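> If it helps, the file is called protein39.txt and holds compact mmCIF, C-alpha atoms:
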# COMPACT_ATOMS: atom_id res chain seq x y z
CA MET A 1 -16.02 -5.00 -10.26
CA SER A 2 -13.04 -2.74 -9.88
CA SER A 3 -10.56 -4.38 -7.56
CA THR A 4 -8.44 -6.20 -10.15
CA PHE A 5 -7.30 -4.58 -13.39
CA PRO A 6 -4.82 -5.17 -16.22
CA ASP A 7 -1.25 -3.90 -16.26
CA ALA A 8 -1.55 -2.30 -19.70
CA PRO A 9 -2.45 1.42 -19.60
CA PRO A 10 -5.42 2.74 -21.60
CA ALA A 11 -4.79 3.88 -25.16
CA GLY A 12 -3.20 7.32 -25.28
CA ALA A 13 -2.04 7.30 -21.66
CA ALA A 14 1.49 8.23 -20.77
CA ALA A 15 3.87 5.26 -20.66
CA ALA A 16 5.17 6.11 -17.21
CA CYS A 17 2.84 6.19 -14.23
CA PRO A 18 2.63 9.66 -12.75
CA ALA A 19 3.42 10.55 -9.22
CA GLY A 20 0.39 11.44 -7.16
CA PRO A 21 -2.58 9.74 -5.52
CA HIS A 22 -3.15 6.05 -6.12
CA MET A 23 -6.65 4.60 -5.63
CA MET A 24 -5.11 1.81 -3.57
CA ASP A 25 -3.32 4.18 -1.20
CA PRO A 26 -4.19 3.12 2.38
CA GLU A 27 -5.20 6.69 3.22
CA LEU A 28 -7.69 6.85 0.35
CA LEU A 29 -9.14 3.45 1.23
CA ALA A 30 -9.49 4.32 4.93
CA ASP A 31 -10.89 7.84 4.50
CA PRO A 32 -12.13 8.50 0.95
CA PHE A 33 -14.24 11.44 2.13
CA GLY A 34 -11.29 13.31 3.59
CA GLU A 35 -8.62 12.24 1.11
CA TYR A 36 -10.64 12.83 -2.06
CA GLY A 37 -11.78 16.08 -0.47
CA ARG A 38 -8.14 17.13 -0.16
CA LEU A 39 -7.63 16.31 -3.84
CA ARG A 40 -10.67 18.42 -4.69
CA GLU A 41 -9.17 21.41 -2.92
CA GLN A 42 -5.84 20.73 -4.61
CA GLY A 43 -7.51 21.18 -7.99
CA PRO A 44 -10.54 20.32 -10.12
CA VAL A 45 -8.47 17.82 -12.14
CA VAL A 46 -5.61 15.91 -10.50
CA ARG A 47 -3.22 13.45 -12.11
CA GLY A 48 -2.94 10.13 -10.30
CA ARG A 49 -3.19 6.39 -10.67
CA PHE A 50 -6.01 3.92 -11.02
CA VAL A 51 -6.26 0.75 -8.89
CA ASP A 52 -3.84 -1.08 -11.20
CA GLY A 53 -1.34 1.79 -11.23
CA THR A 54 -2.17 3.11 -14.69
CA PRO A 55 -2.41 6.89 -15.22
CA VAL A 56 -5.76 8.56 -14.70
CA TRP A 57 -7.19 12.04 -14.31
CA PHE A 58 -9.27 12.45 -11.13
CA VAL A 59 -12.11 14.93 -11.70
CA THR A 60 -13.10 16.11 -8.25
CA ARG A 61 -15.57 19.01 -8.24
CA TYR A 62 -19.34 18.91 -8.60
CA ASP A 63 -19.79 21.00 -11.75
CA ASP A 64 -16.86 19.34 -13.53
CA VAL A 65 -17.98 15.81 -12.62
CA ARG A 66 -21.45 16.49 -14.02
CA ALA A 67 -19.91 18.03 -17.13
CA VAL A 68 -17.76 14.96 -17.80
CA LEU A 69 -20.64 12.53 -17.19
CA ARG A 70 -22.82 14.22 -19.80
CA ASP A 71 -20.06 15.01 -22.33
CA PRO A 72 -20.30 12.83 -25.50
CA ARG A 73 -16.55 13.28 -26.01
CA PHE A 74 -16.00 10.63 -23.35
CA VAL A 75 -16.72 6.92 -23.85
CA ASN A 76 -16.84 3.98 -21.45
CA THR A 77 -15.16 1.46 -23.76
CA PRO A 78 -11.50 2.30 -24.49
CA SER A 79 -11.47 0.57 -27.86
CA HIS A 80 -14.06 3.12 -29.06
CA VAL A 81 -11.43 5.88 -28.93
CA PRO A 82 -10.54 6.75 -32.55
CA GLY A 83 -7.14 5.35 -33.42
CA ALA A 84 -6.98 3.12 -30.34
CA GLN A 85 -4.49 0.32 -30.86
CA GLY A 86 -4.00 -2.98 -29.11
CA ALA A 87 -6.36 -5.04 -27.04
CA ASP A 88 -9.05 -3.64 -24.82
CA PRO A 89 -7.22 -3.15 -21.50
CA ARG A 90 -10.20 -4.65 -19.69
CA GLU A 91 -9.29 -7.98 -21.25
CA GLY A 92 -6.36 -8.12 -18.85
CA MET A 93 -8.82 -8.20 -15.97
CA MET A 94 -10.63 -11.10 -17.61
CA GLU A 95 -7.32 -12.97 -17.85
CA LEU A 96 -6.54 -12.39 -14.19
CA LEU A 97 -9.99 -13.64 -13.21
CA ASN A 98 -9.66 -16.72 -15.45
CA VAL A 99 -12.93 -15.88 -17.22
CA PRO A 100 -13.16 -18.06 -20.36
CA GLU A 101 -12.92 -16.00 -23.54
CA HIS A 102 -16.37 -17.01 -24.82
CA LEU A 103 -17.99 -15.77 -21.59
CA ARG A 104 -16.27 -12.38 -21.35
CA ILE A 105 -18.91 -10.62 -23.43
CA TYR A 106 -21.33 -11.05 -20.51
CA LEU A 107 -19.10 -8.86 -18.33
CA LEU A 108 -17.70 -6.46 -20.92
CA GLY A 109 -20.85 -5.90 -22.97
CA SER A 110 -23.22 -4.65 -20.28
CA LEU A 111 -25.33 -1.52 -20.42
CA LEU A 112 -22.88 0.03 -17.94
CA ASP A 113 -19.99 -0.27 -20.39
CA SER A 114 -21.79 0.46 -23.65
CA ASP A 115 -21.53 3.63 -25.74
CA PRO A 116 -23.72 5.08 -28.49
CA PRO A 117 -25.17 3.76 -30.71
CA ASP A 118 -25.50 0.54 -28.67
CA HIS A 119 -26.22 2.27 -25.37
CA PRO A 120 -29.39 4.17 -26.39
CA ARG A 121 -30.67 1.03 -28.14
CA LEU A 122 -30.14 -1.15 -25.06
CA ARG A 123 -31.39 1.47 -22.62
CA ARG A 124 -34.51 2.16 -24.67
CA LEU A 125 -35.40 -1.53 -24.80
CA VAL A 126 -34.90 -2.14 -21.09
CA THR A 127 -36.65 1.12 -20.16
CA ARG A 128 -39.78 -0.25 -21.81
CA ALA A 129 -39.77 -2.91 -19.10
CA PHE A 130 -38.31 -0.84 -16.27
CA THR A 131 -40.96 1.87 -16.16
CA ALA A 132 -41.63 4.21 -13.26
CA ARG A 133 -45.20 2.91 -13.11
CA ARG A 134 -43.99 -0.69 -12.75
CA ILE A 135 -41.65 0.40 -9.95
CA LEU A 136 -44.37 2.34 -8.12
CA ASP A 137 -46.78 -0.58 -8.43
CA LEU A 138 -44.18 -2.71 -6.67
CA ARG A 139 -44.30 -0.62 -3.47
CA PRO A 140 -46.96 -2.70 -1.64
CA ALA A 141 -44.92 -5.81 -2.34
CA ILE A 142 -41.76 -4.12 -1.01
CA GLU A 143 -43.64 -3.18 2.17
CA GLN A 144 -44.90 -6.73 2.58
CA ILE A 145 -41.40 -8.20 2.11
CA ALA A 146 -39.93 -5.70 4.57
CA ASP A 147 -42.59 -6.46 7.19
CA GLY A 148 -41.98 -10.19 6.89
CA LEU A 149 -38.23 -9.76 7.36
CA LEU A 150 -38.78 -7.45 10.33
CA ASP A 151 -41.07 -10.03 11.93
CA GLU A 152 -38.20 -12.51 11.77
CA LEU A 153 -35.47 -10.24 13.14
CA PRO A 154 -35.94 -11.19 16.82
CA HIS A 155 -35.50 -14.84 15.84
CA ARG A 156 -32.24 -13.99 14.05
CA ALA A 157 -30.58 -12.62 17.18
CA GLY A 158 -27.38 -14.28 18.29
CA ARG A 159 -26.47 -15.28 21.81
CA ASP A 160 -25.41 -11.71 22.51
CA GLY A 161 -28.89 -10.47 21.58
CA THR A 162 -27.75 -8.66 18.43
CA VAL A 163 -28.85 -9.02 14.82
CA ASP A 164 -26.97 -8.22 11.62
CA LEU A 165 -29.16 -5.81 9.67
CA LEU A 166 -27.30 -6.43 6.40
CA GLU A 167 -27.51 -10.21 6.62
CA HIS A 168 -31.12 -10.47 7.78
CA TYR A 169 -32.83 -7.37 6.38
CA ALA A 170 -31.02 -5.22 3.80
CA TYR A 171 -29.65 -8.03 1.60
CA PRO A 172 -32.73 -10.27 1.58
CA LEU A 173 -35.03 -7.30 1.00
CA SER A 174 -33.11 -5.94 -1.97
CA ILE A 175 -32.38 -9.29 -3.65
CA THR A 176 -36.00 -10.43 -3.23
CA VAL A 177 -37.36 -7.20 -4.73
CA ILE A 178 -35.10 -7.10 -7.78
CA CYS A 179 -35.57 -10.81 -8.49
CA ARG A 180 -39.34 -10.46 -8.27
CA LEU A 181 -39.22 -7.49 -10.64
CA VAL A 182 -36.98 -9.26 -13.14
CA GLY A 183 -38.82 -12.58 -12.89
CA ILE A 184 -36.28 -14.79 -11.08
CA PRO A 185 -38.07 -17.66 -9.29
CA ALA A 186 -38.10 -17.23 -5.51
CA VAL A 187 -36.53 -20.66 -4.99
CA ASP A 188 -33.38 -19.41 -6.75
CA LEU A 189 -32.77 -16.28 -4.64
CA GLU A 190 -30.03 -17.89 -2.55
CA ARG A 191 -28.20 -19.00 -5.70
CA TRP A 192 -28.17 -15.44 -7.00
CA ARG A 193 -26.91 -14.16 -3.71
CA GLU A 194 -24.02 -16.64 -3.83
CA TRP A 195 -23.23 -15.76 -7.45
CA GLY A 196 -23.22 -12.07 -6.58
CA GLY A 197 -20.84 -12.71 -3.70
CA ASP A 198 -18.50 -14.64 -5.97
CA LEU A 199 -18.49 -11.84 -8.55
CA VAL A 200 -17.86 -9.09 -5.99
CA SER A 201 -15.08 -11.14 -4.38
CA MET A 202 -13.01 -10.96 -7.61
CA ARG A 203 -11.49 -14.30 -6.67
CA PRO A 204 -10.77 -16.47 -9.73
CA GLU A 205 -11.19 -19.74 -7.84
CA ARG A 206 -14.78 -18.77 -7.00
CA LEU A 207 -15.69 -17.17 -10.31
CA GLN A 208 -14.45 -19.98 -12.53
CA HIS A 209 -17.09 -22.29 -11.07
CA SER A 210 -20.05 -19.96 -10.47
CA PHE A 211 -19.96 -17.66 -13.50
CA PRO A 212 -20.51 -20.34 -16.21
CA VAL A 213 -23.32 -21.82 -14.12
CA MET A 214 -24.98 -18.40 -13.82
CA ILE A 215 -24.76 -17.86 -17.59
CA ASP A 216 -26.28 -21.26 -18.36
CA TYR A 217 -29.03 -20.62 -15.81
CA CYS A 218 -29.98 -17.34 -17.51
CA HIS A 219 -30.14 -18.89 -20.98
CA GLN A 220 -32.35 -21.69 -19.68
CA LEU A 221 -34.61 -19.21 -17.89
CA ILE A 222 -35.05 -17.18 -21.09
CA GLU A 223 -36.13 -20.29 -22.99
CA GLN A 224 -38.58 -21.24 -20.24
CA ARG A 225 -40.02 -17.73 -20.06
CA ARG A 226 -40.33 -17.41 -23.84
CA ALA A 227 -42.59 -20.47 -23.78
CA ALA A 228 -44.79 -18.94 -21.04
CA LEU A 229 -44.53 -15.15 -20.80
CA ARG A 230 -45.51 -13.45 -17.56
CA ASP A 231 -45.92 -9.97 -16.11
CA ASP A 232 -42.24 -9.41 -15.30
CA LEU A 233 -39.27 -7.54 -16.69
CA LEU A 234 -37.70 -10.60 -18.35
CA SER A 235 -40.90 -11.25 -20.27
CA GLU A 236 -40.96 -7.62 -21.39
CA LEU A 237 -37.37 -7.93 -22.61
CA ILE A 238 -38.32 -11.02 -24.60
CA ARG A 239 -41.34 -9.21 -26.08
CA ALA A 240 -39.11 -6.28 -27.02
CA GLN A 241 -36.63 -8.71 -28.56
CA ASP A 242 -39.33 -10.37 -30.66
CA ASP A 243 -41.14 -7.15 -31.59
CA ASP A 244 -37.94 -5.49 -32.80
CA GLY A 245 -36.83 -8.41 -34.93
CA GLY A 246 -34.05 -9.65 -32.71
CA ARG A 247 -32.51 -6.24 -31.94
CA LEU A 248 -31.91 -7.56 -28.43
CA SER A 249 -29.98 -10.82 -28.71
CA ASP A 250 -30.10 -13.64 -26.19
CA THR A 251 -26.56 -12.73 -25.14
CA GLU A 252 -27.62 -9.13 -24.53
CA THR A 253 -30.72 -10.28 -22.63
CA VAL A 254 -28.62 -12.50 -20.35
CA THR A 255 -26.15 -9.67 -19.81
CA MET A 256 -29.01 -7.33 -18.97
CA VAL A 257 -30.47 -9.76 -16.41
CA ILE A 258 -27.09 -10.20 -14.73
CA THR A 259 -26.51 -6.44 -14.64
CA LEU A 260 -29.96 -5.62 -13.27
CA VAL A 261 -30.00 -8.32 -10.58
CA LEU A 262 -26.44 -7.96 -9.31
CA ALA A 263 -26.00 -4.20 -9.65
CA GLY A 264 -29.61 -3.56 -8.64
CA HIS A 265 -29.49 -5.17 -5.22
CA GLU A 266 -25.98 -4.03 -4.26
CA THR A 267 -26.75 -0.30 -4.30
CA SER A 268 -30.01 -0.70 -2.38
CA THR A 269 -28.49 -3.02 0.21
CA HIS A 270 -25.73 -0.62 1.14
CA LEU A 271 -27.96 2.45 0.99
CA ILE A 272 -30.05 0.78 3.71
CA GLY A 273 -27.00 -0.30 5.72
CA ASN A 274 -25.05 2.94 5.43
CA GLY A 275 -28.18 5.02 5.97
CA THR A 276 -29.19 3.14 9.11
CA ALA A 277 -25.70 3.49 10.58
CA ALA A 278 -25.67 7.21 9.77
CA LEU A 279 -29.03 7.83 11.47
CA LEU A 280 -28.20 5.80 14.56
CA THR A 281 -25.00 7.80 15.10
CA ARG A 282 -26.82 11.14 14.67
CA PRO A 283 -29.69 11.27 17.18
CA ASP A 284 -30.98 14.69 16.08
CA GLU A 285 -31.49 13.58 12.48
CA LEU A 286 -32.91 10.25 13.62
CA ALA A 287 -35.46 12.05 15.81
CA ARG A 288 -36.35 14.35 12.93
CA VAL A 289 -37.24 11.54 10.54
CA LYS A 290 -39.09 9.60 13.27
CA GLU A 291 -41.24 12.63 14.00
CA ASP A 292 -41.95 13.29 10.33
CA PRO A 293 -41.88 10.13 8.16
CA ALA A 294 -42.99 12.27 5.20
CA LEU A 295 -39.42 13.56 5.21
CA LEU A 296 -38.08 10.19 4.06
CA PRO A 297 -37.97 10.87 0.28
CA ARG A 298 -35.76 13.90 0.90
CA ALA A 299 -33.81 12.02 3.57
CA VAL A 300 -32.95 9.18 1.19
CA HIS A 301 -31.53 11.69 -1.30
CA GLU A 302 -29.36 13.19 1.43
CA LEU A 303 -28.20 9.75 2.54
CA MET A 304 -27.25 8.93 -1.05
CA ARG A 305 -25.20 12.11 -1.13
CA TRP A 306 -23.68 11.69 2.31
CA CYS A 307 -23.00 7.94 2.52
CA GLY A 308 -23.85 6.34 -0.82
CA SER A 309 -21.93 3.13 -1.50
CA VAL A 310 -20.70 4.09 -5.00
CA GLN A 311 -17.96 6.71 -4.67
CA VAL A 312 -16.56 6.84 -8.20
CA ALA A 313 -18.13 6.52 -11.60
CA ARG A 314 -16.82 4.10 -14.21
CA LEU A 315 -13.75 5.27 -16.10
CA ARG A 316 -14.30 7.49 -19.10
CA TYR A 317 -11.91 7.79 -22.07
CA ALA A 318 -11.45 10.99 -24.09
CA VAL A 319 -12.15 10.51 -27.80
CA GLU A 320 -10.25 13.70 -28.69
CA ASP A 321 -7.87 16.21 -27.17
CA LEU A 322 -9.85 18.48 -24.87
CA GLU A 323 -9.78 20.48 -21.64
CA ILE A 324 -11.46 19.90 -18.29
CA ALA A 325 -11.50 22.97 -16.03
CA GLY A 326 -8.44 24.31 -17.83
CA THR A 327 -6.48 21.04 -17.72
CA ARG A 328 -5.47 19.51 -21.06
CA VAL A 329 -6.58 15.90 -21.47
CA ALA A 330 -5.19 13.97 -24.43
CA ARG A 331 -7.19 11.66 -26.69
CA GLY A 332 -7.34 8.22 -25.09
CA ASP A 333 -6.58 9.43 -21.57
CA ALA A 334 -8.56 7.78 -18.78
CA VAL A 335 -10.70 10.08 -16.63
CA GLN A 336 -12.08 9.12 -13.23
CA PRO A 337 -15.12 11.16 -12.11
CA VAL A 338 -15.06 11.13 -8.29
CA LEU A 339 -18.63 11.18 -7.01
CA VAL A 340 -17.73 11.34 -3.32
CA SER A 341 -15.67 14.53 -3.66
CA ALA A 342 -18.34 16.10 -5.90
CA ASN A 343 -21.05 15.32 -3.34
CA PHE A 344 -19.07 17.16 -0.64
CA ASP A 345 -17.98 20.12 -2.77
CA PRO A 346 -18.36 23.33 -0.70
CA ARG A 347 -18.72 25.26 -3.96
CA HIS A 348 -22.09 23.56 -4.42
CA TYR A 349 -23.23 22.78 -0.86
CA ALA A 350 -23.38 24.85 2.31
CA ASP A 351 -21.73 22.94 5.17
CA PRO A 352 -21.37 19.76 3.05
CA ASP A 353 -19.91 17.62 5.84
CA ARG A 354 -23.12 17.89 7.86
CA LEU A 355 -25.87 15.30 7.38
CA ASP A 356 -29.01 17.38 6.84
CA LEU A 357 -32.11 15.37 5.96
CA THR A 358 -33.89 18.52 4.76
CA ARG A 359 -31.10 19.51 2.37
CA GLN A 360 -32.74 18.11 -0.76
CA PRO A 361 -35.19 20.70 -2.18
CA ASP A 362 -38.67 19.24 -1.83
CA GLY A 363 -40.15 18.27 -5.18
CA GLN A 364 -37.13 19.33 -7.23
CA ALA A 365 -34.55 17.42 -9.26
CA GLU A 366 -32.02 15.63 -7.08
CA ASN A 367 -29.18 17.76 -5.83
CA HIS A 368 -26.36 15.18 -5.87
CA VAL A 369 -24.52 12.76 -8.17
CA GLY A 370 -24.96 9.64 -6.04
CA PHE A 371 -26.79 7.96 -8.91
CA GLY A 372 -24.50 9.42 -11.56
CA HIS A 373 -25.54 11.79 -14.33
CA GLY A 374 -25.97 11.87 -18.09
CA ILE A 375 -26.76 8.91 -20.32
CA HIS A 376 -25.45 6.44 -17.73
CA TYR A 377 -27.61 7.78 -14.90
CA CYS A 378 -28.58 4.79 -12.76
CA LEU A 379 -31.45 2.93 -14.40
CA GLY A 380 -32.60 1.61 -11.02
CA ALA A 381 -32.49 4.93 -9.13
CA THR A 382 -36.26 5.06 -8.67
CA LEU A 383 -36.30 1.51 -7.30
CA ALA A 384 -33.33 2.15 -4.99
CA ARG A 385 -34.94 5.29 -3.56
CA GLN A 386 -38.24 3.52 -3.02
CA GLU A 387 -36.55 0.56 -1.31
CA GLY A 388 -34.61 2.95 0.91
CA GLU A 389 -37.76 4.84 1.89
CA VAL A 390 -39.73 1.69 2.68
CA ALA A 391 -36.87 -0.10 4.45
CA LEU A 392 -36.06 2.80 6.76
CA ALA A 393 -39.68 3.74 7.45
CA ARG A 394 -40.69 0.17 8.35
CA LEU A 395 -37.54 -0.47 10.39
CA LEU A 396 -37.81 2.68 12.52
CA ALA A 397 -41.56 2.24 13.05
CA ARG A 398 -41.23 -1.41 14.09
CA TYR A 399 -38.17 -0.99 16.31
CA PRO A 400 -38.15 2.63 17.58
CA ASP A 401 -35.60 1.79 20.31
CA LEU A 402 -33.10 0.38 17.81
CA THR A 403 -29.45 0.96 18.77
CA LEU A 404 -26.01 0.06 17.50
CA ALA A 405 -24.50 -2.97 19.21
CA ASP A 406 -21.09 -1.40 18.66
CA GLY A 407 -20.80 2.35 18.97
CA ASP A 408 -18.44 2.47 15.98
CA PRO A 409 -19.93 0.68 12.94
CA GLU A 410 -16.91 1.79 10.89
CA ARG A 411 -14.99 -1.13 12.39
CA GLU A 412 -16.95 -3.32 9.98
CA ARG A 413 -16.23 -1.14 6.97
CA ALA A 414 -14.87 -2.89 3.87
CA GLN A 415 -11.89 -0.98 2.47
CA LEU A 416 -12.53 -1.29 -1.26
CA PRO A 417 -11.49 1.27 -3.89
CA GLY A 418 -14.40 3.42 -4.98
CA SER A 419 -16.86 1.78 -2.59
CA TRP A 420 -18.25 2.53 0.87
CA ARG A 421 -19.96 -0.43 2.48
CA LEU A 422 -20.17 -2.41 5.67
CA HIS A 423 -19.39 -6.09 6.10
CA ALA A 424 -22.03 -6.21 8.82
CA LEU A 425 -24.23 -3.89 10.89
CA ARG A 426 -24.95 -5.38 14.32
CA LEU A 427 -27.93 -3.87 16.13
CA ARG A 428 -29.98 -4.29 19.28
CA LEU A 429 -33.69 -4.15 18.56
CA GLY A 430 -34.73 -2.77 21.94
CA SER A 431 -38.02 -3.41 23.66
Can you present the structure in this file as structure tokens?

Amino acid sequence: MSSTFPDAPPAGAAAACPAGPHMMDPELLADPFGEYGRLREQGPVVRGRFVDGTPVWFVTRYDDVRAVLRDPRFVNTPSHVPGAQGADPREGMMELLNVPEHLRIYLLGSLLDSDPPDHPRLRRLVTRAFTARRILDLRPAIEQIADGLLDELPHRAGRDGTVDLLEHYAYPLSITVICRLVGIPAVDLERWREWGGDLVSMRPERLQHSFPVMIDYCHQLIEQRRAALRDDLLSELIRAQDDDGGRLSDTETVTMVITLVLAGHETSTHLIGNGTAALLTRPDELARVKEDPALLPRAVHELMRWCGSVQVARLRYAVEDLEIAGTRVARGDAVQPVLVSANFDPRHYADPDRLDLTRQPDGQAENHVGFGHGIHYCLGATLARQEGEVALARLLARYPDLTLADGDPERERAQLPGSWRLHALRLRLGS
């Protein structure tokens, strides 16, 4: 949700936009790996402009990105900066999108945007339902869903004999898994997929119709589930809400469902799509993982580093004057941690431009920031990794002669600021 932003700069930012890189520069959109890499070598902290033209500090190097993401002197909500004046600049985005004022809390009050003390409260409550054991127990179901979709792939082929892996495998797998985990009825999966598409499109004419319907749907589902609790995440959220005396409101529960379903399936979908394209264009690495499927957990980490879909973290705002790698940052200044440049930092990685499926140390903490870091580390990272492992393992085992229908999948790349994803991935299944 970062393609349309307000004109007003964040509190404390300089009135005039600085010269320097702009996140909407065609060069950055076309080649974020190379262009953000050049910024990284220019300096650890570079002054530039956000997608709306407002001033921002790009933090580019691995150690500094991790330091910012775990530093409590940065907040995600600009109005939480001491002394901040005026409206929350994110409200401008809501105006541009024609989101009714009474519904904006569902977009601005998510776990992703919250700060302490709300953030640990919300995260603790949802973590009770989003346990590692629950995720691991879901693996047989993920395998079954993947196998069913793979059975159907030959029937999805067009007249040219190709299938779109995103349309017929990655998207339906990820949306089915997260909806099953949360407790969304299977008959409503297509509705959620449409709502997600409307939200990602950032087009007011689509959002003004779908977003209120999605909100009403979630409130109705909560009431239905409260009357008949089940073994799903939504039921656990309701139990947590009741056990803690209403510490999780219905509004917060709806916001949590929207965040988990929409954010949860997007990352997994494009990990599968980007990862498949990367392997099919690198035969040596593809052969390596085919020969040793046990390598997949490490391979998925490397794919998250090398071609993860999320290339920048959410903006952070300094709550006091401070320094990052020797650069003075004023209270209220906006800081943009750049994950893609950190994940290719030669100060941290040997030969970072090379895809090496054995790079991740076996059995050790992950060696990248593809899922973020600190208190906002991706809540669904375990699920995304597991989906990636299952999706790639089942796909390569079922269709070992899989090939790209077009030798250059980058032709289908969506040029979105801070994102790396394909519109489609057309493949030939082989014999």
> Report, in Å to a single decimal, how far apart CA of Ser174 (chain A) and CA of Glu266 (chain A) are.
7.7 Å
> Quick one: of A:Val126, A:Ile135, A:Ile324, A:Ala84, who's nearest to Val46 (chain A), counting only C-alpha atoms?
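Counting only C-alpha atoms, the residue closest to Val46 (chain A) is A:Ile324.
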> May I ask which of the residues A:Val68, A:Val51, A:Met24, A:Ala393 is the closest one to Val329 (chain A), counting all atoms listed in the file?
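Comparing A:Val68, A:Val51, A:Met24, A:Ala393 against Val329 (chain A), the winner is A:Val68.
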> Show which residues sit within 10 Å of region 370-375 of chain A, as JSON, numbers by chain. Count only C-alpha atoms, and ignore same-chain residues fewer than 2 positions away.
{"A": [65, 66, 67, 68, 69, 70, 71, 72, 112, 115, 116, 119, 120, 123, 267, 301, 302, 303, 304, 305, 306, 307, 308, 309, 310, 311, 312, 313, 314, 337, 339, 340, 342, 343, 366, 367, 368, 377, 378, 379, 380, 381, 382, 384]}
> Provide the CA of Pro283 (chain A) to CA of Asp353 (chain A) distance in Å, to one decimal place.
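Computed distance, CA of Pro283 (chain A) to CA of Asp353 (chain A), equals 16.3 Å.
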> Report, in Å to a single decimal, how far apart CA of Val75 (chain A) and CA of Ala263 (chain A) are.
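Value for the CA of Ala263 (chain A)-CA of Val75 (chain A) distance: 20.3 Å.
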> Return the single residue from A:Thr269, A:Thr358, A:Gln224, A:Gln364 that is closest to Asp292 (chain A), with distances computed using all atoms listed in the file.
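Nearest candidate to Asp292 (chain A) out of A:Thr269, A:Thr358, A:Gln224, A:Gln364: A:Thr358.
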> Calculated over only C-alpha atoms, which of the candidates A:Pro212, A:Pro117, A:Gly332, A:Gly275 has the smallest distance to Glu101 (chain A)?
A:Pro212
> What's around region 194-197 of chain A at 8 Å? Count all atoms listed in the file, leave out sequence neighbours fewer than 4 positions away in its own chain, and write the answer as a list of chain:residue names.
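Near neighbours after the sequence-gap exclusion: A:Glu190, A:Ser201, A:Ser210, A:Phe211, A:Met214, A:Leu262.
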> With C-alpha atoms retained, export the selected residues as an mmCIF file, in the coordinates of the input.

data_model
loop_
_atom_site.group_PDB
_atom_site.id
_atom_site.type_symbol
_atom_site.label_atom_id
_atom_site.label_comp_id
_atom_site.auth_asym_id
_atom_site.auth_seq_id
_atom_site.Cartn_x
_atom_site.Cartn_y
_atom_site.Cartn_z
ATOM 1 C CA GLU A 190 -30.030 -17.890 -2.550
ATOM 2 C CA SER A 201 -15.080 -11.140 -4.380
ATOM 3 C CA SER A 210 -20.050 -19.960 -10.470
ATOM 4 C CA PHE A 211 -19.960 -17.660 -13.500
ATOM 5 C CA MET A 214 -24.980 -18.400 -13.820
ATOM 6 C CA LEU A 262 -26.440 -7.960 -9.310
#
> If we count only C-alpha atoms, what is near Ile105 (chain A) at a cut-off of 12 Å, once residues fewer than 2 positions away on the same chain are taken out, given as a list in words?
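With the cut-off at 12 Å, the set is Arg90, Glu91, Met94, Val99, Pro100, Glu101, His102, Leu103, Leu107, Leu108, Gly109, Ser110, Leu111, Asp113, Ser114, Ile215, Asp250, Thr251, Glu252, Thr253, Val254, Thr255, Met256 and Ile258 of chain A.
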> With distances taken over all atoms listed in the file, which residue among A:Arg49, A:Leu279, A:Gln208, A:Gly388 lies nearest Arg104 (chain A)?
A:Gln208
> Looking at A:Arg128, A:His270, A:Arg134, A:Arg156, which one is nearest to Ala414 (chain A), with distances taken over only C-alpha atoms?
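Distance minimum relative to Ala414 (chain A) lands on A:His270.
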> Do a neighbour search on Ala141 (chain A) at 10 Å with only C-alpha atoms, toss out local chain neighbours closer than 6 positions, and write the hits as a list of chain:residue names.
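Residues meeting the cut-off are A:Asp147, A:Val177, A:Arg180.
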> Please supply region 411-417 of chain A, rebuilt with N, CA, C and O atoms, as an mmCIF file, in the coordinates of the input.

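This went into selection.cif:
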data_model
loop_
_atom_site.group_PDB
_atom_site.id
_atom_site.type_symbol
_atom_site.label_atom_id
_atom_site.label_comp_id
_atom_site.auth_asym_id
_atom_site.auth_seq_id
_atom_site.Cartn_x
_atom_site.Cartn_y
_atom_site.Cartn_z
ATOM 1 N N ARG A 411 -15.899 -0.005 12.202
ATOM 2 C CA ARG A 411 -14.990 -1.130 12.390
ATOM 3 C C ARG A 411 -15.299 -2.257 11.415
ATOM 4 O O ARG A 411 -14.449 -3.111 11.149
ATOM 5 N N GLU A 412 -16.536 -2.290 10.926
ATOM 6 C CA GLU A 412 -16.950 -3.320 9.980
ATOM 7 C C GLU A 412 -16.928 -2.816 8.541
ATOM 8 O O GLU A 412 -17.506 -3.438 7.664
ATOM 9 N N ARG A 413 -16.266 -1.708 8.309
ATOM 10 C CA ARG A 413 -16.230 -1.140 6.970
ATOM 11 C C ARG A 413 -15.263 -1.889 6.068
ATOM 12 O O ARG A 413 -14.128 -2.155 6.438
ATOM 13 N N ALA A 414 -15.730 -2.254 4.868
ATOM 14 C CA ALA A 414 -14.870 -2.890 3.870
ATOM 15 C C ALA A 414 -14.052 -1.811 3.167
ATOM 16 O O ALA A 414 -14.619 -0.828 2.682
ATOM 17 N N GLN A 415 -12.743 -1.969 3.127
ATOM 18 C CA GLN A 415 -11.890 -0.980 2.470
ATOM 19 C C GLN A 415 -11.663 -1.421 1.027
ATOM 20 O O GLN A 415 -10.714 -2.134 0.694
ATOM 21 N N LEU A 416 -12.573 -0.978 0.161
ATOM 22 C CA LEU A 416 -12.530 -1.290 -1.260
ATOM 23 C C LEU A 416 -12.420 0.003 -2.050
ATOM 24 O O LEU A 416 -13.069 0.996 -1.705
ATOM 25 N N PRO A 417 -11.625 0.026 -3.102
ATOM 26 C CA PRO A 417 -11.490 1.270 -3.890
ATOM 27 C C PRO A 417 -12.795 1.664 -4.551
ATOM 28 O O PRO A 417 -13.447 0.854 -5.204
#
